[in-house]
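Q: Have a look at this one.
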Protein chains: 2
Amino acid sequence: MTTGLPQPITSSALEGVGEVTIYEVGPRDGLQNEKAVVPTEVKAEFVRRLVAAGLRTVETTSFVSPRWVPQLADAGELLTDLGDLGRGRTRPVLVPNEKGLDRALEHGVGAVAIFGSATESFAQRNLGRSLAESVQMFAPVVRRSLDADLWVRAYVSMCFGDPWEGPVPVTQVADACESLMDLGCHQLSLGDTIGTGTAGHVEALLSELDRRGIGVERIGVHFHDTYGQALANTLTALRAGVRVVDASTGGLGGCPYAKSATGNLATEDLLWALRGLGIETGVDLEALVETSVWMADQLGRPAPSRVVRALSGTS
Amino acid sequence: MTTGLPQPITSSALEGVGEVTIYEVGPRDGLQNEKAVVPTEVKAEFVRRLVAAGLRTVETTSFVSPRWVPQLADAGELLTDLGDLGRGRTRPVLVPNEKGLDRALEHGVGAVAIFGSATESFAQRNLGRSLAESVQMFAPVVRRSLDADLWVRAYVSMCFGDPWEGPVPVTQVADACESLMDLGCHQLSLGDTIGTGTAGHVEALLSELDRRGIGVERIGVHFHDTYGQALANTLTALRAGVRVVDASTGGLGGCPYAKSATGNLATEDLLWALRGLGIETGVDLEALVETSVWMADQLGRPAPSRVVRALSGTS
């Protein structure tokens, strides 16, 4: 039995979507949320395979304190191992603060991502300061990054729902986005960190951002599948003009067997939809599935991605 | 921590979708594909809970041969147990052939569903005859059902991909749909049995059916999540005018831990999207989640539904 790949048929709602950039977050967001600590050489091999499969933008690691994220304590060693493959404007690394930026600059990175919040509750809990204080903390990080000619992305967490505050008003999210873009960031990534967002909410937020002059060309979307909405929300964002989508190969970081599943959209599940719609990404789906099977073996558990499970016969 | 329910915000693409009918298939399609054989009284309680939660259309069971589907061998006992709750035009039962119809009529059902195919390969393997012969077999089933004033639905399997034939041309699917509708059926259910369909393909099939005079008011959609596309495809169908969506409470029949996962769209995950979009269904999501937690306990494994896992804290 063979199902082959989906038959490419354009949707009337997505006509004219020539190309979509997949912003791969597996090595950073994925591995950061896995219980297992993966050896540096396995991480490097993972990144090499992702790039070989055609993924053009890969966030490789995070220069966060090893006390907070022991999974990525080897950020420096990984970049040394990767050499030129880990540099340039399409290999961002996450930097939580100036100290992280210092380490990243020492390793010659060409792009960084900062990690902001749309809500006070999450800013207090994740960053230990108010929203306003967090923007103050990011200001020198972004300024120094721009001075060093780096590409800068700003993640915005809790853009739809917040575990302490419930649904987050789009005006509040847009305020947070504006503050970060005013620092000079090149791209925003709108994060549905707890996965509660739905299609109309996605449109409403994009529309509010557009009204404030933050157009879709500067926006990426980052959906989690905790409530099963990630792909539907992604297609909604594409319909609204967004062309950058965050995804995690294999669905890493979204283990279906763990209560704490963050539920990253699996790159393969996104690719299945895009190939079916005839939308170009330049990525080899089969190579990615092979990579996820290999990585699942390293992690000792099946990949959460449905496409990986279906195509590889793992369960 | 509480996430609450999603904030209702209409999508511009789904404006005017006043109400959607969820066609609940858990007791039949779901339990038929579960390994465990559930006691009749548990099935009856399941149906009672689904109806109490506000699900208006519930397919209760199948009068298929117990040799083929031992899980539903108690179809008659279940209907006896349910009494009036199992009768009427919103409690269909599946009947594979005239023998099944005879048994269903003995139990006073008010609605039946037949199970056709869009491909020769599946007709041969599932029905043991050609497509043309299968339509001949269904003809007296539908005629006698209409004579008895029953409501009749026709499932069409393999409407997008077929495990032996690959992608199925929309003209071929439309031919099969026409043959079944020509028998006099009231409603078609377009089944993506192996889950490979994508959004543009859904639109193309609905458009071809419309061209042949089978309008969206006579169509239900039945998507499987094997490749993660079920909800995105469902929203695409709603955008095209479809107002009947098949779903299985808890995601029953789509066990994520089994290789043979059929991956039914979970009713709760669909409801999350519809509630977020402000679309009315009349269903109490919390009551459904409670029911799925209870049923998971009966089956001895967690519910595949992502919403159930997220809201109940099960993993």
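We name chains A, B, ... following the order of the structure tokens; residues begin at 1 in each chain, and ligands are numbered from 1 as shown.
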At a cut-off of 8 Å, can you tabulate as a tab-separated table every residue of chain B near chain A together with its closest atom pair and the distance in Å to one decimal, using only C-alpha atoms and ordering rows by chain then number?

A:
```
residue	atom	partner	partner_atom	distance
B:Met1	CA	A:Pro163	CA	5.4
B:Thr2	CA	A:Pro163	CA	5.5
B:Thr3	CA	A:Pro163	CA	5.0
B:Gly4	CA	A:Gly166	CA	6.1
B:Leu5	CA	A:Thr196	CA	7.9
B:Pro6	CA	A:Thr196	CA	6.1
B:Gln7	CA	A:Pro167	CA	6.0
B:Pro8	CA	A:His201	CA	7.7
B:Ile9	CA	A:Gly200	CA	4.9
B:Thr10	CA	A:Gly200	CA	4.8
B:Ser11	CA	A:Gly200	CA	3.8
B:Ser12	CA	A:Gly200	CA	7.2
B:Gly161	CA	A:Thr3	CA	7.0
B:Asp162	CA	A:Thr3	CA	6.7
B:Pro163	CA	A:Thr3	CA	5.0
B:Trp164	CA	A:Met1	CA	5.6
B:Glu165	CA	A:Thr3	CA	7.8
B:Gly166	CA	A:Thr3	CA	5.2
B:Pro167	CA	A:Gln7	CA	6.0
B:Thr196	CA	A:Pro6	CA	6.1
B:Gly197	CA	A:Pro6	CA	6.6
B:Thr198	CA	A:Gly276	CA	5.4
B:Ala199	CA	A:Ser11	CA	6.2
B:Gly200	CA	A:Ser11	CA	3.8
B:His201	CA	A:Ile9	CA	5.5
B:Glu203	CA	A:Ser11	CA	6.7
B:Ala204	CA	A:Ile9	CA	7.6
B:Asp225	CA	A:Arg306	CA	7.8
B:Thr226	CA	A:Arg306	CA	6.0
B:Tyr227	CA	A:Val307	CA	4.7
B:Gly228	CA	A:Arg306	CA	5.7
B:Gln229	CA	A:Ala273	CA	7.0
B:Leu231	CA	A:Ala232	CA	6.3
B:Ala232	CA	A:Ala232	CA	4.3
B:Leu235	CA	A:Ala232	CA	7.4
B:Pro256	CA	A:Ser315	CA	7.3
B:Tyr257	CA	A:Ser315	CA	5.7
B:Ala258	CA	A:Ser315	CA	5.7
B:Lys259	CA	A:Ser315	CA	5.0
B:Asp269	CA	A:Gly228	CA	5.9
B:Trp272	CA	A:Tyr227	CA	7.4
B:Ala273	CA	A:Thr198	CA	5.8
B:Gly276	CA	A:Thr198	CA	5.4
B:Leu277	CA	A:Gly200	CA	5.7
B:Arg306	CA	A:Tyr227	CA	5.1
B:Val307	CA	A:Tyr227	CA	4.7
B:Ala310	CA	A:Thr226	CA	6.5
B:Gly313	CA	A:Lys259	CA	6.6
B:Thr314	CA	A:Lys259	CA	6.7
B:Ser315	CA	A:Lys259	CA	5.0
```

Q: Just the strand (DSSP E) stuff from stretch 53-221 of chain A, please, per backbone DSSP, written as number ranges by chain.

A: A: 57-58, 61-62, 93-94, 111-117, 151-157, 161-162, 166-167, 187-192, 219-221

Q: Which residues come within 8 Å of stretch 217-219 of chain A, counting only C-alpha atoms, excluding same-chain residues fewer than 5 positions away, as number ranges by chain?

A: A: 186-190, 241-244

Q: Which residues come within 10 Å of stretch 146-148 of chain A, counting only C-alpha atoms, excluding same-chain residues fewer than 6 positions away, as a list of chain:residue names?

A: A:Leu105, A:Val109, A:Gly110, A:Ala111, A:Val112, A:Pro140, A:Leu183, A:Gly184, A:Cys185, A:His186

Q: Let me make sure I understand: among B:Ala118, B:Ile214, B:Leu85, B:Ala154, which one has the smallest atom-to-atom distance to B:Val170 if we use only C-alpha atoms?

A: B:Ala118

Q: Rounded to one decimal, what separation in Å do you get between atom CA of B:Asp182 and atom CA of B:Gly88?

A: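 A separation of 23.7 Å between them.
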
Q: For the structure I just gave you, how does DSSP split stretch 24-58 of chain B - specifically, which residues are alpha helix (DSSP H)? Reply as a list in words.

A: Leu31, Gln32, Thr40, Glu41, Val42, Lys43, Ala44, Glu45, Phe46, Val47, Arg48, Arg49, Leu50, Val51 and Ala52 of chain B

Q: Would you output that residue set with N, CA and C atoms, as a PDB file, in the first residue's frame?

A:
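Output file out-v9.pdb is given in full below:
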```pdb
ATOM      1  N   LEU B  31     -16.407   3.347  17.988  1.00  0.00           N
ATOM      2  CA  LEU B  31     -16.282   2.081  18.723  1.00  0.00           C
ATOM      3  C   LEU B  31     -15.984   0.902  17.799  1.00  0.00           C
ATOM      4  N   GLN B  32     -16.415   1.008  16.547  1.00  0.00           N
ATOM      5  CA  GLN B  32     -16.118  -0.058  15.574  1.00  0.00           C
ATOM      6  C   GLN B  32     -14.618  -0.210  15.361  1.00  0.00           C
ATOM      7  N   THR B  40     -22.764  -3.469  26.185  1.00  0.00           N
ATOM      8  CA  THR B  40     -23.935  -2.772  25.645  1.00  0.00           C
ATOM      9  C   THR B  40     -24.387  -1.625  26.549  1.00  0.00           C
ATOM     10  N   GLU B  41     -24.398  -1.860  27.862  1.00  0.00           N
ATOM     11  CA  GLU B  41     -24.906  -0.811  28.755  1.00  0.00           C
ATOM     12  C   GLU B  41     -23.993   0.419  28.758  1.00  0.00           C
ATOM     13  N   VAL B  42     -22.710   0.203  28.528  1.00  0.00           N
ATOM     14  CA  VAL B  42     -21.787   1.350  28.434  1.00  0.00           C
ATOM     15  C   VAL B  42     -22.062   2.124  27.143  1.00  0.00           C
ATOM     16  N   LYS B  43     -22.295   1.397  26.046  1.00  0.00           N
ATOM     17  CA  LYS B  43     -22.630   2.065  24.785  1.00  0.00           C
ATOM     18  C   LYS B  43     -23.909   2.899  24.941  1.00  0.00           C
ATOM     19  N   ALA B  44     -24.908   2.305  25.596  1.00  0.00           N
ATOM     20  CA  ALA B  44     -26.182   3.016  25.777  1.00  0.00           C
ATOM     21  C   ALA B  44     -25.971   4.280  26.607  1.00  0.00           C
ATOM     22  N   GLU B  45     -25.183   4.143  27.647  1.00  0.00           N
ATOM     23  CA  GLU B  45     -24.882   5.310  28.489  1.00  0.00           C
ATOM     24  C   GLU B  45     -24.129   6.370  27.681  1.00  0.00           C
ATOM     25  N   PHE B  46     -23.232   5.918  26.825  1.00  0.00           N
ATOM     26  CA  PHE B  46     -22.469   6.828  25.956  1.00  0.00           C
ATOM     27  C   PHE B  46     -23.431   7.639  25.087  1.00  0.00           C
ATOM     28  N   VAL B  47     -24.346   6.951  24.414  1.00  0.00           N
ATOM     29  CA  VAL B  47     -25.311   7.639  23.546  1.00  0.00           C
ATOM     30  C   VAL B  47     -26.156   8.611  24.366  1.00  0.00           C
ATOM     31  N   ARG B  48     -26.603   8.175  25.530  1.00  0.00           N
ATOM     32  CA  ARG B  48     -27.428   9.059  26.377  1.00  0.00           C
ATOM     33  C   ARG B  48     -26.670  10.328  26.752  1.00  0.00           C
ATOM     34  N   ARG B  49     -25.397  10.163  27.089  1.00  0.00           N
ATOM     35  CA  ARG B  49     -24.591  11.329  27.464  1.00  0.00           C
ATOM     36  C   ARG B  49     -24.376  12.265  26.272  1.00  0.00           C
ATOM     37  N   LEU B  50     -24.172  11.690  25.087  1.00  0.00           N
ATOM     38  CA  LEU B  50     -23.958  12.517  23.893  1.00  0.00           C
ATOM     39  C   LEU B  50     -25.196  13.353  23.594  1.00  0.00           C
ATOM     40  N   VAL B  51     -26.350  12.707  23.682  1.00  0.00           N
ATOM     41  CA  VAL B  51     -27.605  13.415  23.415  1.00  0.00           C
ATOM     42  C   VAL B  51     -27.834  14.484  24.488  1.00  0.00           C
ATOM     43  N   ALA B  52     -27.541  14.124  25.738  1.00  0.00           N
ATOM     44  CA  ALA B  52     -27.725  15.088  26.831  1.00  0.00           C
ATOM     45  C   ALA B  52     -26.803  16.295  26.660  1.00  0.00           C
TER      46      ALA B  52
END
```

Q: For atom CA of B:Val38 and atom CA of B:Leu285, quote the distance in Å rounded to one decimal.

A: 23.5 Å
